[in-house]
Every structure is written in structure tokens, then in C-alpha cells.
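Q: Contents of work19.txt (compact mmCIF, C-alpha atoms):
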```txt
# COMPACT_ATOMS: atom_id res chain seq x y z
CA MET A 4 6.98 -12.13 -23.92
CA PHE A 5 3.24 -11.60 -23.41
CA VAL A 6 3.52 -8.09 -21.89
CA GLU A 7 6.12 -5.32 -21.81
CA PRO A 8 7.66 -4.16 -18.50
CA VAL A 9 6.05 -1.19 -16.77
CA ARG A 10 8.19 1.92 -17.16
CA THR A 11 6.25 4.63 -15.34
CA SER A 12 5.57 5.75 -11.76
CA ARG A 13 1.85 5.09 -12.29
CA THR A 14 2.42 1.37 -12.03
CA PHE A 15 -1.18 0.25 -11.54
CA GLU A 16 -2.66 2.02 -14.58
CA ALA A 17 0.37 1.22 -16.73
CA ALA A 18 0.00 -2.46 -15.83
CA ILE A 19 -3.59 -2.38 -17.12
CA GLU A 20 -2.50 -0.69 -20.35
CA ASN A 21 0.27 -3.25 -20.91
CA LEU A 22 -2.08 -6.14 -20.17
CA LEU A 23 -4.58 -4.83 -22.73
CA GLU A 24 -1.82 -4.48 -25.33
CA GLY A 25 -0.64 -8.03 -24.63
CA ILE A 26 -4.18 -9.39 -24.99
CA GLU A 27 -4.68 -7.62 -28.31
CA ARG A 28 -1.27 -8.63 -29.70
CA ALA A 29 -1.97 -12.26 -28.79
CA HIS A 30 -5.47 -12.08 -30.40
CA LEU A 31 -7.03 -13.70 -27.34
CA GLY A 32 -10.70 -14.60 -27.47
CA THR A 33 -13.35 -15.71 -24.99
CA ASP A 34 -12.14 -18.49 -22.65
CA ASP A 35 -8.50 -18.17 -23.75
CA ARG A 36 -6.00 -18.39 -20.90
CA LEU A 37 -3.51 -15.66 -19.99
CA PRO A 38 -0.08 -16.39 -18.47
CA THR A 39 0.01 -17.09 -14.75
CA GLU A 40 0.24 -14.41 -12.06
CA GLU A 41 3.89 -15.27 -11.52
CA GLN A 42 4.66 -14.91 -15.23
CA LEU A 43 2.73 -11.66 -15.63
CA ALA A 44 4.25 -10.05 -12.53
CA ALA A 45 7.76 -11.00 -13.70
CA GLN A 46 7.21 -9.75 -17.25
CA LEU A 47 5.63 -6.48 -16.07
CA GLY A 48 8.31 -6.01 -13.40
CA ILE A 49 5.75 -5.35 -10.67
CA SER A 50 4.72 -7.00 -7.41
CA LYS A 51 1.88 -9.50 -7.14
CA PRO A 52 -0.27 -7.11 -5.03
CA THR A 53 -0.08 -4.47 -7.79
CA LEU A 54 -0.80 -7.07 -10.48
CA ARG A 55 -3.82 -8.32 -8.54
CA GLN A 56 -5.10 -4.76 -8.30
CA ALA A 57 -4.90 -4.45 -12.09
CA LEU A 58 -6.52 -7.86 -12.61
CA ARG A 59 -9.31 -6.92 -10.19
CA VAL A 60 -10.17 -3.88 -12.32
CA LEU A 61 -10.21 -5.95 -15.51
CA GLU A 62 -12.33 -8.62 -13.83
CA ARG A 63 -14.81 -6.06 -12.50
CA SER A 64 -15.00 -4.60 -15.99
CA GLY A 65 -15.99 -7.96 -17.49
CA LEU A 66 -12.86 -8.58 -19.57
CA LEU A 67 -11.30 -11.33 -17.44
CA ARG A 68 -12.32 -13.96 -14.96
CA VAL A 69 -9.87 -15.20 -12.37
CA ARG A 70 -10.34 -18.73 -11.03
CA PRO A 71 -8.28 -19.55 -7.92
CA GLY A 72 -6.95 -22.92 -6.90
CA LYS A 73 -5.83 -26.01 -8.76
CA GLY A 74 -6.98 -25.93 -12.37
CA GLY A 75 -7.69 -22.24 -12.10
CA GLY A 76 -6.04 -19.33 -13.85
CA ILE A 77 -6.75 -16.09 -15.66
CA PHE A 78 -9.16 -16.37 -18.57
CA MET A 79 -10.76 -14.04 -21.10
CA ASP A 80 -14.46 -13.47 -20.44
CA THR A 81 -15.02 -11.61 -23.71
CA GLU A 82 -12.99 -10.83 -26.82
CA VAL A 83 -14.18 -7.20 -26.90
CA VAL A 84 -12.29 -4.83 -24.57
CA PRO A 85 -14.91 -2.91 -22.48
CA VAL A 86 -13.06 0.43 -22.52
CA ASP A 87 -15.75 2.49 -20.75
CA ALA A 88 -16.13 -0.03 -17.93
CA ILE A 89 -12.36 -0.20 -17.44
CA THR A 90 -12.11 3.60 -17.25
CA THR A 91 -14.94 3.70 -14.69
CA ASN A 92 -13.36 0.96 -12.57
CA ILE A 93 -9.92 2.59 -12.63
CA ALA A 94 -11.57 5.70 -11.15
CA TYR A 95 -13.40 3.53 -8.62
CA GLU A 96 -10.11 1.88 -7.63
CA ALA A 97 -8.60 5.33 -7.02
CA GLU A 98 -11.56 6.27 -4.81
CA GLU A 99 -11.10 3.06 -2.83
CA ALA A 100 -7.41 3.88 -2.39
CA VAL A 101 -8.32 7.27 -0.89
CA GLU A 102 -10.60 5.49 1.57
CA VAL A 103 -7.84 3.05 2.53
CA LEU A 104 -5.34 5.88 3.09
CA LEU A 105 -7.83 7.79 5.23
CA ALA A 106 -8.61 4.63 7.21
CA ARG A 107 -4.88 4.17 7.72
CA ARG A 108 -4.66 7.52 9.50
CA VAL A 109 -7.46 6.60 11.87
CA LEU A 110 -6.72 2.90 12.49
CA GLU A 111 -2.94 2.71 12.23
CA GLY A 112 -2.53 6.03 14.03
CA SER A 113 -4.66 4.94 16.98
CA THR A 114 -3.04 1.50 17.09
CA THR A 115 0.46 3.02 17.10
CA ILE A 116 -0.45 5.35 19.95
CA VAL A 117 -1.81 2.40 21.95
CA ALA A 118 1.42 0.53 21.19
CA GLY A 119 3.45 3.51 22.35
CA LEU A 120 1.68 3.41 25.69
CA ARG A 121 1.69 -0.38 26.20
CA ALA A 122 4.90 -1.60 24.56
CA THR A 123 7.58 -3.35 26.61
CA GLU A 124 11.34 -2.96 26.27
CA GLU A 125 11.34 -6.24 24.35
CA ASP A 126 8.77 -4.78 21.94
CA PHE A 127 10.91 -1.69 21.39
CA ALA A 128 13.96 -3.86 20.71
CA GLY A 129 12.01 -5.87 18.15
CA ILE A 130 10.88 -2.71 16.36
CA GLN A 131 14.47 -1.41 16.33
CA ARG A 132 15.64 -4.64 14.69
CA THR A 133 13.25 -4.11 11.77
CA ILE A 134 14.52 -0.52 11.30
CA ASP A 135 18.11 -1.80 11.29
CA LEU A 136 17.08 -4.39 8.70
CA MET A 137 15.66 -1.66 6.46
CA LYS A 138 18.89 0.32 6.78
CA ARG A 139 21.04 -2.65 5.80
CA ASN A 140 19.00 -3.28 2.67
CA LEU A 141 18.60 0.25 1.30
CA GLY A 142 18.79 0.08 -2.48
CA ASP A 143 17.18 -3.36 -2.62
CA ARG A 144 13.51 -2.43 -2.97
CA PRO A 145 11.92 -5.88 -2.39
CA ARG A 146 13.96 -6.45 0.79
CA VAL A 147 13.25 -2.94 2.04
CA MET A 148 9.52 -3.50 1.50
CA GLY A 149 9.75 -6.81 3.35
CA ALA A 150 11.52 -5.17 6.29
CA ASN A 151 9.00 -2.32 6.21
CA ALA A 152 6.15 -4.83 6.53
CA MET A 153 7.98 -6.43 9.47
CA TYR A 154 8.27 -2.99 11.09
CA HIS A 155 4.54 -2.35 10.89
CA ARG A 156 3.69 -5.82 12.22
CA ALA A 157 6.09 -5.31 15.14
CA VAL A 158 4.42 -1.99 16.02
CA VAL A 159 0.96 -3.57 15.91
CA ARG A 160 2.07 -6.49 18.11
CA ALA A 161 3.33 -3.96 20.64
CA SER A 162 -0.29 -2.82 21.18
CA HIS A 163 -0.95 -6.20 22.87
CA ASN A 164 -4.50 -6.11 21.51
CA ARG A 165 -5.71 -9.01 19.36
CA THR A 166 -8.62 -7.08 17.89
CA LEU A 167 -6.34 -4.31 16.68
CA GLU A 168 -3.97 -6.91 15.24
CA SER A 169 -6.82 -8.47 13.27
CA VAL A 170 -8.05 -5.12 11.94
CA MET A 171 -4.53 -4.05 11.00
CA ARG A 172 -3.88 -7.27 9.05
CA THR A 173 -6.82 -6.41 6.81
CA LEU A 174 -5.67 -2.81 6.43
CA GLU A 175 -2.10 -3.86 5.56
CA THR A 176 -3.45 -6.16 2.83
CA ASP A 177 -5.31 -3.21 1.31
CA LEU A 178 -2.30 -0.91 1.67
CA ALA A 179 0.21 -3.24 -0.04
CA PRO A 180 -0.70 -2.47 -3.68
CA ILE A 181 -0.95 1.26 -2.92
CA ARG A 182 2.57 1.30 -1.47
CA ASP A 183 3.86 -0.68 -4.45
CA THR A 184 2.17 1.59 -6.99
CA TYR A 185 2.71 5.06 -5.61
CA ALA A 186 5.86 4.89 -3.48
CA GLY A 187 9.46 3.90 -4.01
CA GLY A 188 13.01 4.95 -4.65
CA LYS A 189 16.09 4.93 -2.45
CA ALA A 190 15.67 8.54 -1.28
CA GLU A 191 12.11 7.85 -0.18
CA ASP A 192 13.15 4.62 1.54
CA GLU A 193 15.91 6.48 3.40
CA ARG A 194 13.37 9.04 4.56
CA ALA A 195 11.03 6.27 5.70
CA VAL A 196 13.84 4.76 7.81
CA GLU A 197 14.53 8.13 9.40
CA ILE A 198 10.83 8.67 10.18
CA HIS A 199 10.50 5.15 11.60
CA GLN A 200 13.44 5.86 13.93
CA ARG A 201 11.84 9.08 15.18
CA GLN A 202 8.53 7.29 15.59
CA LEU A 203 10.18 4.64 17.76
CA GLU A 204 11.92 7.31 19.85
CA ALA A 205 8.56 9.00 20.52
CA MET A 206 7.03 5.64 21.44
CA CYS A 207 9.89 4.87 23.85
CA ALA A 208 9.37 8.27 25.49
CA ARG A 209 5.59 7.65 25.74
CA ASP A 210 5.27 11.06 24.02
CA VAL A 211 1.87 10.89 22.32
CA ARG A 212 1.98 14.44 21.02
CA THR A 213 5.32 14.02 19.23
CA LEU A 214 4.27 10.57 18.02
CA ALA A 215 1.15 12.03 16.37
CA VAL A 216 3.24 14.66 14.55
CA VAL A 217 5.73 12.05 13.28
CA LEU A 218 2.89 9.77 12.17
CA ASP A 219 1.35 12.64 10.23
CA GLU A 220 4.66 13.16 8.41
CA HIS A 221 4.89 9.44 7.76
CA TYR A 222 1.42 9.19 6.25
CA ARG A 223 1.93 12.29 4.11
CA MET A 224 4.77 10.60 2.21
CA LEU A 225 2.51 8.05 0.54
CA GLU A 226 -0.49 10.38 0.39
CA GLU A 227 1.46 13.06 -1.48
CA SER A 228 2.80 10.55 -4.01
CA PHE A 229 -0.72 9.25 -4.54
CA ALA A 230 -2.19 12.76 -4.95
CA ARG A 231 0.49 13.74 -7.49
CA ALA A 232 -0.26 10.64 -9.55
CA LEU A 233 -3.94 11.67 -9.67
CA HIS A 234 -3.00 15.29 -10.51
CA GLN A 235 -4.68 16.49 -7.33
CA SER A 236 -3.36 18.27 -4.28
CA TRP A 237 -2.76 16.58 -0.94
CA GLU A 238 -4.97 19.25 0.67
CA GLU A 239 -7.97 18.27 -1.48
CA LEU A 240 -7.79 14.62 -0.46
CA PHE A 241 -6.35 14.40 3.03
CA ALA A 242 -5.91 17.73 4.83
CA GLU A 243 -9.19 17.68 6.76
CA VAL A 244 -8.65 14.22 8.27
CA SER A 245 -5.00 15.05 8.99
CA GLU A 246 -5.99 18.15 10.97
CA GLN A 247 -8.64 16.30 12.96
CA THR A 248 -6.42 13.34 13.87
CA LEU A 249 -3.67 15.71 15.02
CA LYS A 250 -6.17 17.58 17.22
CA LEU A 251 -7.35 14.31 18.81
CA ALA A 252 -3.76 13.54 19.80
CA GLN A 253 -3.24 16.85 21.59
CA PRO A 254 -3.32 16.68 25.38
CA SER A 255 -6.42 18.13 27.01
CA PRO A 256 -5.98 21.39 28.91
CA ALA A 257 -5.68 21.02 32.64
CA THR A 258 -8.94 21.48 34.52
```
Let me see the structure of the file written as C-alpha cells.

A:
Amino acid sequence: MFVEPVRTSRTFEAAIENLLEGIERAHLGTDDRLPTEEQLAAQLGISKPTLRQALRVLERSGLLRVRPGKGGGIFMDTEVVPVDAITTNIAYEAEEAVEVLLARRVLEGSTTIVAGLRATEEDFAGIQRTIDLMKRNLGDRPRVMGANAMYHRAVVRASHNRTLESVMRTLETDLAPIRDTYAGGKAEDERAVEIHQRQLEAMCARDVRTLAVVLDEHYRMLEESFARALHQSWEELFAEVSEQTLKLAQPSPAT
């Protein structure tokens, strides 16, 4: 086996450490080829989005080069591990993750509120089906994550706005490795199902105020896991944007 499985909650950083150990054990030099993405993800026991996040850091740092397509692969770009560059790019990746999570509050929150106002009964039924699918697969993490992705796509479709759908596809791509790295476990998945159900109920009632509160609780789940992994508080990273988005969702006083 080229790399050892990841055995920590900090999946992304552990994947980088295990990849570096595998490279050194195999005595790889410049232009040598690493195993494929499929092989590395299976050996590390992580998803492809999380693996690609780790590979992106190592590529930015000048250790690897990743060539897509037929005849491509993952190759060594140098035989000397650039430790300082890797450390810098891990920190940069964490900063980018904060930006993605903050963008999620603004973009996904607004899109969900639009969906709550414009969704049809057919849309609501489709969203409920994805929640039921999550419930049936609790304990099977890959299937739960697949059903969770279906849930979010169903909510976005309910906005009946193509521009929002396009923006949210990009955001979901950026969110995937963050979810994989910093969230998980049956208890957390059960809580996500319960929050999704309450979110749908608020959407069905066209209750924007309650919907904003439930969304805030939803977003805090992943944000708190992320903050703990970085040994920072949720308040330091997210409280200000959380407060402002909740205020924007409050109904204006009667005039």
C-alpha cells in the first residue's frame, strides 16, 4: 500500500501528511508517477473531493503536478519536499474555506429564502423525498452524503431561477471537500436530517423569519466543526456575518 488510511477528524491535513510519508517511503524522485486518484482515495479512506483538496495544496507548493485526461496522472515535480510552502498553502486553504463558508451563508441563505417563497407543492414533495432518503440511509455515510447533495439541489431548483442554480453549483463544488473533511458521524447526520425537516416546514409555511433561524442553525453545524479543527472559536470566524444575515431576514416594522 502506498499510503496509510487517515485516522483523524482533520482529514485534509492528515491526507497531506500520509501522502508525504508515502512519497518518502517509496523514494520517489522528479517525474515519478504516484498511484491514481482512485487508488489514493481508496487507500486513504477519504472521498475524491478531499483528496483533490490535498493534491491541490501539494501542487501549489511545487511538489506535484497533476495532468488531467488520457495519459495524465499525478507526478512528482521535485524530489525535495517544500515544507515551508506546504505549511503556507495549508493555511491558505483554511482561509479559502472560511470564505466559502461565509459565501454559503449569503448565497445559499438567500437562494433558500427565494425557494421558500416560489416553490410549488411538487417542489416541496421532491425535497421531502430527499429527506426521507437521508433517513433511510443513516449510518451509511456515502449514501447519506449523496442524499444530502440531492436535498440541496432540490432546494435550489425550487427557486426557479437559473442564475441562482448556476451560482449554487459552483458553491456546492467548493463546499464538498469542506463537508467531507470537517463533518460526519451518525449523530451529526441525524441532526442534519432533523434540521432539514424543520427547514422544509418553514419553507412550506412561507415563514421567512423561522427559515432564517433554522438556516443559521444548519450553517453553524459545519462552521463549528471547522472552527474546532482550527483551534479557533466560531465567534471569531463567523459570528458577525451570522448576525447580519439574521437581521436581513427580519421583517421590516410596519410604517

Q: For a quick check of your reading of the model, name the residues lying within 12 Å of the coordinate (-7.4, 3.2, 6.2), counting only C-alpha atoms, and write them as a count of residues only.

A: 31

Q: Interatomic distance between atom CA of Ala230 of chain A and atom CA of Thr91 of chain A?

A: 18.4 Å

Q: Just the number, please: distance in Å from atom CA of Pro145 of chain A to atom CA of Gln42 of chain A, one decimal.

A: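 Separating atom CA of Pro145 of chain A from atom CA of Gln42 of chain A is a distance of 17.3 Å.
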
Q: Let me make sure I understand: among A:Arg182, A:Arg63, A:Lys73, A:Arg121, which one has the smallest atom-to-atom distance to Ala208 of chain A if we use all atoms listed in the file?

A: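 The closest residue to Ala208 of chain A is A:Arg121.
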
Q: Taking all atoms listed in the file into account, name the residue in A:Ser245, A:Gln202, A:Asn92, A:Ser236 that is nearest to Ile116 of chain A.

A: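 Result for the nearest residue to Ile116 of chain A: A:Gln202.
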
Q: In Å to one decimal, how far is atom CA of Ser228 of chain A from atom CA of Glu191 of chain A?

A: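 So the two atoms, atom CA of Glu191 of chain A and atom CA of Ser228 of chain A, lie 10.4 Å apart.
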
Q: Show me the residues around (-1.0, -6.5, 20.8) - criterion: an atom at most 12 Å away, all atoms listed in the file counted - as a list in words.

A: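 Result, sorted by chain then residue number: Thr114, Thr115, Ile116, Val117, Ala118, Gly119, Leu120, Arg121, Ala122, Thr123, Asp126, Arg156, Ala157, Val158, Val159, Arg160, Ala161, Ser162, His163, Asn164, Arg165, Thr166, Leu167, Glu168, Ser169, Val170 and Met171 of chain A.
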
Q: Compare A:Asp219, A:Glu7, A:Glu227, A:Glu197 by their minimum atom-to-atom distance to Glu239 of chain A, counting all atoms listed in the file, and give me the closest one.

A: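 Using all atoms listed in the file, Glu239 of chain A sits closest to A:Glu227.
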
Q: Show me, as number ranges by chain, the residues that have an atom within 10 Å of Pro180 of chain A when counting only C-alpha atoms, minus same-chain residues fewer than 5 positions from it.

A: A: 14-15, 49-57, 100, 175, 185-186

Q: Could you make a table, as a Markdown table, of the residues of segment 46-94 of chain A that have an atom within 8 Å of an atom of segment 27-32 of chain A, each with its nearest atom pair and distance in Å to one decimal, counting all atoms listed in the file, in chain and number order?

A:
```
| residue | atom | partner | partner_atom | distance |
| --- | --- | --- | --- | --- |
| A:Met79 | CA | A:Gly32 | CA | 6.4 |
| A:Thr81 | CA | A:Gly32 | CA | 6.5 |
| A:Glu82 | CA | A:Gly32 | CA | 4.5 |
```

Q: Which residue, A:Thr133, A:Gln200, A:Gln235, A:Thr184, has the smallest gap to Ala17 of chain A when you use only C-alpha atoms?

A: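 Under the stated criterion, the closest residue is A:Thr184.
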
Q: With all atoms listed in the file as the basis for distance, which of A:Leu61, A:Met4, A:Ala215, A:Val9 is at the shortest distance from Leu23 of chain A?

A: A:Leu61

Q: I need the residue nearest Leu22 of chain A from this list: A:Ala44, A:Ala190, A:Asp35, A:Asn140. Use all atoms listed in the file for the distance.

A: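 Of A:Ala44, A:Ala190, A:Asp35, A:Asn140, the one nearest Leu22 of chain A, counting all atoms listed in the file, is A:Ala44.
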